[in-house]
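Student: Have a look at this one.
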Amino acid sequence: AKGVSANVVVRLKEKWGREYDAWNRRDLQGREYVYLWADGIHANVRLEDEANQRQCMLVLMGATADGRKELVAVVDGFRESKQSWYELLIDLKQRGLVTPPKVAVGDGALGFWAALREVFGETCEQRCWFHKTGNILNRMPKSIHGKAKTDIHQIWMAETREEAHKAFDAFLEKYAAKYPEACECLKQDRDALLTFYDFPAEHWLHLRTTNPIESTFATIRLRHRRTKGCGTRRASLTMMFKLAKSAEKKWRRLNGHERITLLLKGKTFVNGELQEAA
């Protein structure tokens, strides 16, 4: 940046590092996240003593009881492994986050799920349809991507779980003979892909994908590329943290946030609709 000396940049990085350390130790007593989104964000980083590497940052975003989205954690992980996620979740729990989220959303390939089952075993699992769609299409020729994507769309846009299962079976019947790997990729997360039907319909838009993280970090990745790396893993991490905290101020509240109160009271939803007591 023009007019900013190297010494000023160094002081800013040190200040941001202290802010990140304090935030990463903050007390979470009394905090509760109804929904949790998880993702591993990869970025190139120049290390002083090594060739360029792909740094992996483990990111958690949560929705509070009033429907506001918050950045919960950003830490330097090791290839999205179970151990890295386990250490992150245990740290959050030890700092006071003891109430399990109602549902967690993420890519099926994450070591996050194995860690989540050990730390917050009561939390429901929702696989991200954005990631799943990409994984399926990667196993099919590009010539049929448009048609296959439309068929996948019919599953997660179905009005009810029953209709979703019909669209699911139709996809398998249509493509199993020629593209068994793509169909197996879809089949392996069948139940976890349809968890959102047990939650308010107003929240489906938020629960079907990890878009809250993806959309935020798409901009952050662009900033990161413009800087051509940040010199060290810590500098990269603190820059990601500052950019995410800045973006947090503009995050939109969940649609139908008033429905969260019903979830916290233990009310049951079927196909997105509240079930009244008999």
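Chains: A, B, ... in order of the structure tokens. Residues: from 1 per chain. Ligands: from 1, in order shown.
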Which neighbours of A:Leu274 fall inside 9 Å, counting only C-alpha atoms, when residues of the same chain fewer than 3 positions from it are skipped, and could you give them as number ranges by chain?
Tutor: A: 199-200, 262, 267-271
Student: Store the residues picked out above in a file with C-alpha atoms, as a short mmCIF file (atom, residue, chain, number, x, y, z; two decimals), in the first residue's frame.
Tutor:
```
data_model
loop_
_atom_site.label_atom_id
_atom_site.label_comp_id
_atom_site.auth_asym_id
_atom_site.auth_seq_id
_atom_site.Cartn_x
_atom_site.Cartn_y
_atom_site.Cartn_z
CA PHE A 199 -35.29 -28.49 10.50
CA PRO A 200 -37.40 -25.42 9.68
CA LEU A 262 -38.84 -23.51 18.74
CA LYS A 267 -40.07 -28.80 19.05
CA THR A 268 -40.13 -31.31 16.20
CA PHE A 269 -40.04 -30.43 12.51
CA VAL A 270 -40.92 -32.84 9.70
CA ASN A 271 -40.21 -31.82 6.13
#
```
Student: Output as an MDAnalysis selection string all residues of stretch 14-242 of chain A that backbone DSSP marks as strand (DSSP E).
Tutor: chainID A and resid 35:45 53:63 69:77 103:106 124:127
Student: Go ahead and save the residues from that selection, with C-alpha atoms, as a short mmCIF file (atom, residue, chain, number, x, y, z; two decimals), in the first residue's frame.
Tutor:
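That gives us selection-v9.cif:
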```cif
data_model
loop_
_atom_site.label_atom_id
_atom_site.label_comp_id
_atom_site.auth_asym_id
_atom_site.auth_seq_id
_atom_site.Cartn_x
_atom_site.Cartn_y
_atom_site.Cartn_z
CA TYR A 35 -25.95 -24.56 13.71
CA LEU A 36 -22.28 -25.04 12.90
CA TRP A 37 -20.57 -24.89 9.50
CA ALA A 38 -17.12 -26.44 9.05
CA ASP A 39 -14.62 -26.29 6.21
CA GLY A 40 -10.93 -26.58 5.48
CA ILE A 41 -9.58 -23.55 3.61
CA HIS A 42 -6.38 -24.06 1.64
CA ALA A 43 -3.97 -21.29 0.67
CA ASN A 44 -0.43 -21.07 -0.65
CA VAL A 45 2.08 -19.76 1.87
CA GLN A 53 3.23 -25.17 0.67
CA ARG A 54 -0.51 -25.47 0.84
CA GLN A 55 -1.55 -24.19 4.23
CA CYS A 56 -4.80 -25.60 5.58
CA MET A 57 -6.93 -23.48 7.90
CA LEU A 58 -9.78 -25.11 9.80
CA VAL A 59 -12.75 -22.76 9.92
CA LEU A 60 -15.89 -22.96 12.02
CA MET A 61 -18.84 -20.59 11.74
CA GLY A 62 -21.89 -20.76 13.99
CA ALA A 63 -25.45 -19.46 14.18
CA LYS A 69 -23.74 -15.83 12.23
CA GLU A 70 -20.41 -15.66 14.04
CA LEU A 71 -16.87 -16.75 13.31
CA VAL A 72 -16.21 -19.46 15.90
CA ALA A 73 -12.68 -20.63 15.06
CA VAL A 74 -9.86 -20.21 12.54
CA VAL A 75 -6.81 -22.36 13.25
CA ASP A 76 -3.88 -23.79 11.37
CA GLY A 77 -4.62 -27.48 10.77
CA VAL A 103 -26.67 -29.73 13.34
CA ALA A 104 -23.25 -29.36 11.72
CA VAL A 105 -22.73 -28.80 7.98
CA GLY A 106 -19.61 -29.74 6.06
CA CYS A 124 -26.86 -34.15 13.64
CA GLU A 125 -24.73 -34.28 10.49
CA GLN A 126 -25.60 -32.54 7.23
CA ARG A 127 -23.35 -33.05 4.20
#
```
Student: Could you go through stretch 41-137 of chain A and tell me which residues DSSP, when run on the backbone, assigns to alpha helix (DSSP H), listing them as a PyMOL selection string?
Tutor: chain A and resi 82-94+112-119+129-137
Student: Only N, CA and C atoms, please: the residues just picked out, written as a PDB file, in the first residue's frame.
Tutor:
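So the final result, stored in part00.pdb, reads:
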```
ATOM      1  N   LYS A  82      -8.532 -35.786  11.360  1.00  0.00           N
ATOM      2  CA  LYS A  82      -9.400 -35.947  12.520  1.00  0.00           C
ATOM      3  C   LYS A  82      -8.750 -35.346  13.757  1.00  0.00           C
ATOM      4  N   GLN A  83      -7.454 -35.582  13.953  1.00  0.00           N
ATOM      5  CA  GLN A  83      -6.769 -35.105  15.149  1.00  0.00           C
ATOM      6  C   GLN A  83      -6.801 -33.577  15.219  1.00  0.00           C
ATOM      7  N   SER A  84      -6.587 -32.915  14.079  1.00  0.00           N
ATOM      8  CA  SER A  84      -6.606 -31.452  14.066  1.00  0.00           C
ATOM      9  C   SER A  84      -7.982 -30.923  14.455  1.00  0.00           C
ATOM     10  N   TRP A  85      -9.045 -31.510  13.889  1.00  0.00           N
ATOM     11  CA  TRP A  85     -10.401 -31.090  14.227  1.00  0.00           C
ATOM     12  C   TRP A  85     -10.733 -31.433  15.677  1.00  0.00           C
ATOM     13  N   TYR A  86     -10.265 -32.583  16.139  1.00  0.00           N
ATOM     14  CA  TYR A  86     -10.538 -32.996  17.515  1.00  0.00           C
ATOM     15  C   TYR A  86      -9.930 -31.989  18.500  1.00  0.00           C
ATOM     16  N   GLU A  87      -8.685 -31.609  18.239  1.00  0.00           N
ATOM     17  CA  GLU A  87      -8.027 -30.635  19.112  1.00  0.00           C
ATOM     18  C   GLU A  87      -8.769 -29.305  19.114  1.00  0.00           C
ATOM     19  N   LEU A  88      -9.266 -28.903  17.965  1.00  0.00           N
ATOM     20  CA  LEU A  88     -10.022 -27.652  17.870  1.00  0.00           C
ATOM     21  C   LEU A  88     -11.322 -27.736  18.663  1.00  0.00           C
ATOM     22  N   LEU A  89     -12.083 -28.804  18.469  1.00  0.00           N
ATOM     23  CA  LEU A  89     -13.374 -28.945  19.155  1.00  0.00           C
ATOM     24  C   LEU A  89     -13.197 -29.095  20.668  1.00  0.00           C
ATOM     25  N   ILE A  90     -12.194 -29.839  21.082  1.00  0.00           N
ATOM     26  CA  ILE A  90     -11.931 -30.003  22.510  1.00  0.00           C
ATOM     27  C   ILE A  90     -11.557 -28.656  23.137  1.00  0.00           C
ATOM     28  N   ASP A  91     -10.770 -27.872  22.429  1.00  0.00           N
ATOM     29  CA  ASP A  91     -10.387 -26.553  22.935  1.00  0.00           C
ATOM     30  C   ASP A  91     -11.616 -25.670  23.133  1.00  0.00           C
ATOM     31  N   LEU A  92     -12.539 -25.696  22.165  1.00  0.00           N
ATOM     32  CA  LEU A  92     -13.769 -24.914  22.290  1.00  0.00           C
ATOM     33  C   LEU A  92     -14.574 -25.376  23.501  1.00  0.00           C
ATOM     34  N   LYS A  93     -14.647 -26.686  23.691  1.00  0.00           N
ATOM     35  CA  LYS A  93     -15.415 -27.235  24.809  1.00  0.00           C
ATOM     36  C   LYS A  93     -14.786 -26.857  26.150  1.00  0.00           C
ATOM     37  N   GLN A  94     -13.466 -26.921  26.216  1.00  0.00           N
ATOM     38  CA  GLN A  94     -12.772 -26.587  27.456  1.00  0.00           C
ATOM     39  C   GLN A  94     -12.913 -25.111  27.806  1.00  0.00           C
ATOM     40  N   PHE A 112     -13.351 -33.885  10.172  1.00  0.00           N
ATOM     41  CA  PHE A 112     -14.231 -33.210  11.129  1.00  0.00           C
ATOM     42  C   PHE A 112     -15.291 -34.136  11.702  1.00  0.00           C
ATOM     43  N   TRP A 113     -15.874 -34.997  10.870  1.00  0.00           N
ATOM     44  CA  TRP A 113     -17.008 -35.804  11.322  1.00  0.00           C
ATOM     45  C   TRP A 113     -16.619 -36.803  12.399  1.00  0.00           C
ATOM     46  N   ALA A 114     -15.476 -37.451  12.232  1.00  0.00           N
ATOM     47  CA  ALA A 114     -15.028 -38.403  13.244  1.00  0.00           C
ATOM     48  C   ALA A 114     -14.758 -37.690  14.567  1.00  0.00           C
ATOM     49  N   ALA A 115     -14.185 -36.490  14.479  1.00  0.00           N
ATOM     50  CA  ALA A 115     -13.913 -35.708  15.687  1.00  0.00           C
ATOM     51  C   ALA A 115     -15.213 -35.233  16.328  1.00  0.00           C
ATOM     52  N   LEU A 116     -16.157 -34.786  15.503  1.00  0.00           N
ATOM     53  CA  LEU A 116     -17.433 -34.291  16.022  1.00  0.00           C
ATOM     54  C   LEU A 116     -18.167 -35.372  16.809  1.00  0.00           C
ATOM     55  N   ARG A 117     -18.148 -36.603  16.303  1.00  0.00           N
ATOM     56  CA  ARG A 117     -18.856 -37.701  16.972  1.00  0.00           C
ATOM     57  C   ARG A 117     -18.287 -37.985  18.354  1.00  0.00           C
ATOM     58  N   GLU A 118     -17.013 -37.709  18.543  1.00  0.00           N
ATOM     59  CA  GLU A 118     -16.400 -37.939  19.845  1.00  0.00           C
ATOM     60  C   GLU A 118     -16.655 -36.788  20.815  1.00  0.00           C
ATOM     61  N   VAL A 119     -16.686 -35.554  20.289  1.00  0.00           N
ATOM     62  CA  VAL A 119     -16.807 -34.382  21.159  1.00  0.00           C
ATOM     63  C   VAL A 119     -18.258 -33.957  21.354  1.00  0.00           C
ATOM     64  N   TRP A 129     -24.203 -30.009  -0.025  1.00  0.00           N
ATOM     65  CA  TRP A 129     -24.597 -30.367  -1.394  1.00  0.00           C
ATOM     66  C   TRP A 129     -23.687 -29.738  -2.448  1.00  0.00           C
ATOM     67  N   PHE A 130     -23.083 -28.613  -2.143  1.00  0.00           N
ATOM     68  CA  PHE A 130     -22.151 -27.985  -3.089  1.00  0.00           C
ATOM     69  C   PHE A 130     -20.936 -28.883  -3.301  1.00  0.00           C
ATOM     70  N   HIS A 131     -20.341 -29.335  -2.206  1.00  0.00           N
ATOM     71  CA  HIS A 131     -19.186 -30.228  -2.316  1.00  0.00           C
ATOM     72  C   HIS A 131     -19.579 -31.567  -2.934  1.00  0.00           C
ATOM     73  N   LYS A 132     -20.720 -32.112  -2.497  1.00  0.00           N
ATOM     74  CA  LYS A 132     -21.140 -33.418  -2.994  1.00  0.00           C
ATOM     75  C   LYS A 132     -21.391 -33.375  -4.499  1.00  0.00           C
ATOM     76  N   THR A 133     -22.026 -32.318  -4.969  1.00  0.00           N
ATOM     77  CA  THR A 133     -22.289 -32.189  -6.409  1.00  0.00           C
ATOM     78  C   THR A 133     -20.982 -32.176  -7.195  1.00  0.00           C
ATOM     79  N   GLY A 134     -20.006 -31.426  -6.715  1.00  0.00           N
ATOM     80  CA  GLY A 134     -18.704 -31.382  -7.388  1.00  0.00           C
ATOM     81  C   GLY A 134     -18.022 -32.738  -7.396  1.00  0.00           C
ATOM     82  N   ASN A 135     -18.115 -33.448  -6.274  1.00  0.00           N
ATOM     83  CA  ASN A 135     -17.487 -34.779  -6.188  1.00  0.00           C
ATOM     84  C   ASN A 135     -18.121 -35.768  -7.162  1.00  0.00           C
ATOM     85  N   ILE A 136     -19.451 -35.686  -7.306  1.00  0.00           N
ATOM     86  CA  ILE A 136     -20.155 -36.580  -8.231  1.00  0.00           C
ATOM     87  C   ILE A 136     -19.785 -36.255  -9.680  1.00  0.00           C
ATOM     88  N   LEU A 137     -19.823 -34.984 -10.019  1.00  0.00           N
ATOM     89  CA  LEU A 137     -19.547 -34.580 -11.402  1.00  0.00           C
ATOM     90  C   LEU A 137     -18.104 -34.880 -11.799  1.00  0.00           C
TER      91      LEU A 137
END
```
Student: Kindly give the distance, in Å, that separates atom CA of A:Lys242 and atom CA of A:Glu19, rounded to a single decimal.
Tutor: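 That distance, rounded to one decimal, is 8.8 Å.
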Student: Looking at A:Gly256, A:Gly272, A:Pro101, A:Gly96, which one is nearest to A:Thr123, with distances taken over only C-alpha atoms?
Tutor: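 Of all the options, A:Pro101 lies closest to A:Thr123.
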Student: For a test of reading the model, state the distance in Å between atom CA of A:Pro212 and atom CA of A:Arg68, rounded to one decimal.
Tutor: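 It comes out at 11.6 Å.
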Student: For A:Cys128, which residue out of A:Lys178, A:Lys142, A:Lys187, A:His206 is the nearest one, using only C-alpha atoms?
Tutor: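 Among the listed residues, A:His206 lies closest to A:Cys128.
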Student: Might you pull out every residue within 6 Å of stretch 243-254 of chain A, with only C-alpha atoms counted and same-chain residues fewer than 3 positions away left off, and present them as an MDAnalysis selection string?
Tutor: chainID A and resid 67:68 240 257
Student: Tell me which protein, DNA and RNA residues are within 7 Å of A:Leu207, counting only C-alpha atoms, leaving out same-chain ones fewer than 2 positions away, and put them as a ChimeraX atom specification.
Tutor: /A:105,196,203-205,209
Student: Write a file of the just-selected residues containing C-alpha atoms, as a PDB file, in the first residue's frame.
Tutor:
```
ATOM      1  CA  VAL A 105     -22.735 -28.797   7.983  1.00  0.00           C
ATOM      2  CA  PHE A 196     -32.065 -30.626   6.679  1.00  0.00           C
ATOM      3  CA  HIS A 203     -33.364 -22.587   7.264  1.00  0.00           C
ATOM      4  CA  TRP A 204     -32.893 -25.064   4.418  1.00  0.00           C
ATOM      5  CA  LEU A 205     -31.123 -22.482   2.284  1.00  0.00           C
ATOM      6  CA  THR A 209     -24.285 -26.064   1.928  1.00  0.00           C
TER       7      THR A 209
END
```
Student: One decimal, in Å: what's the spacing between atom CA of A:Gln275 and atom CA of A:Glu202?
Tutor: 15.0 Å
Student: Which residue, A:Leu186, A:Leu194, A:Ala22, A:Ala201, has the smallest gap to A:Arg161 when you use only C-alpha atoms?
Tutor: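 Of A:Leu186, A:Leu194, A:Ala22, A:Ala201, the one nearest A:Arg161 is A:Leu194, counting only C-alpha atoms.
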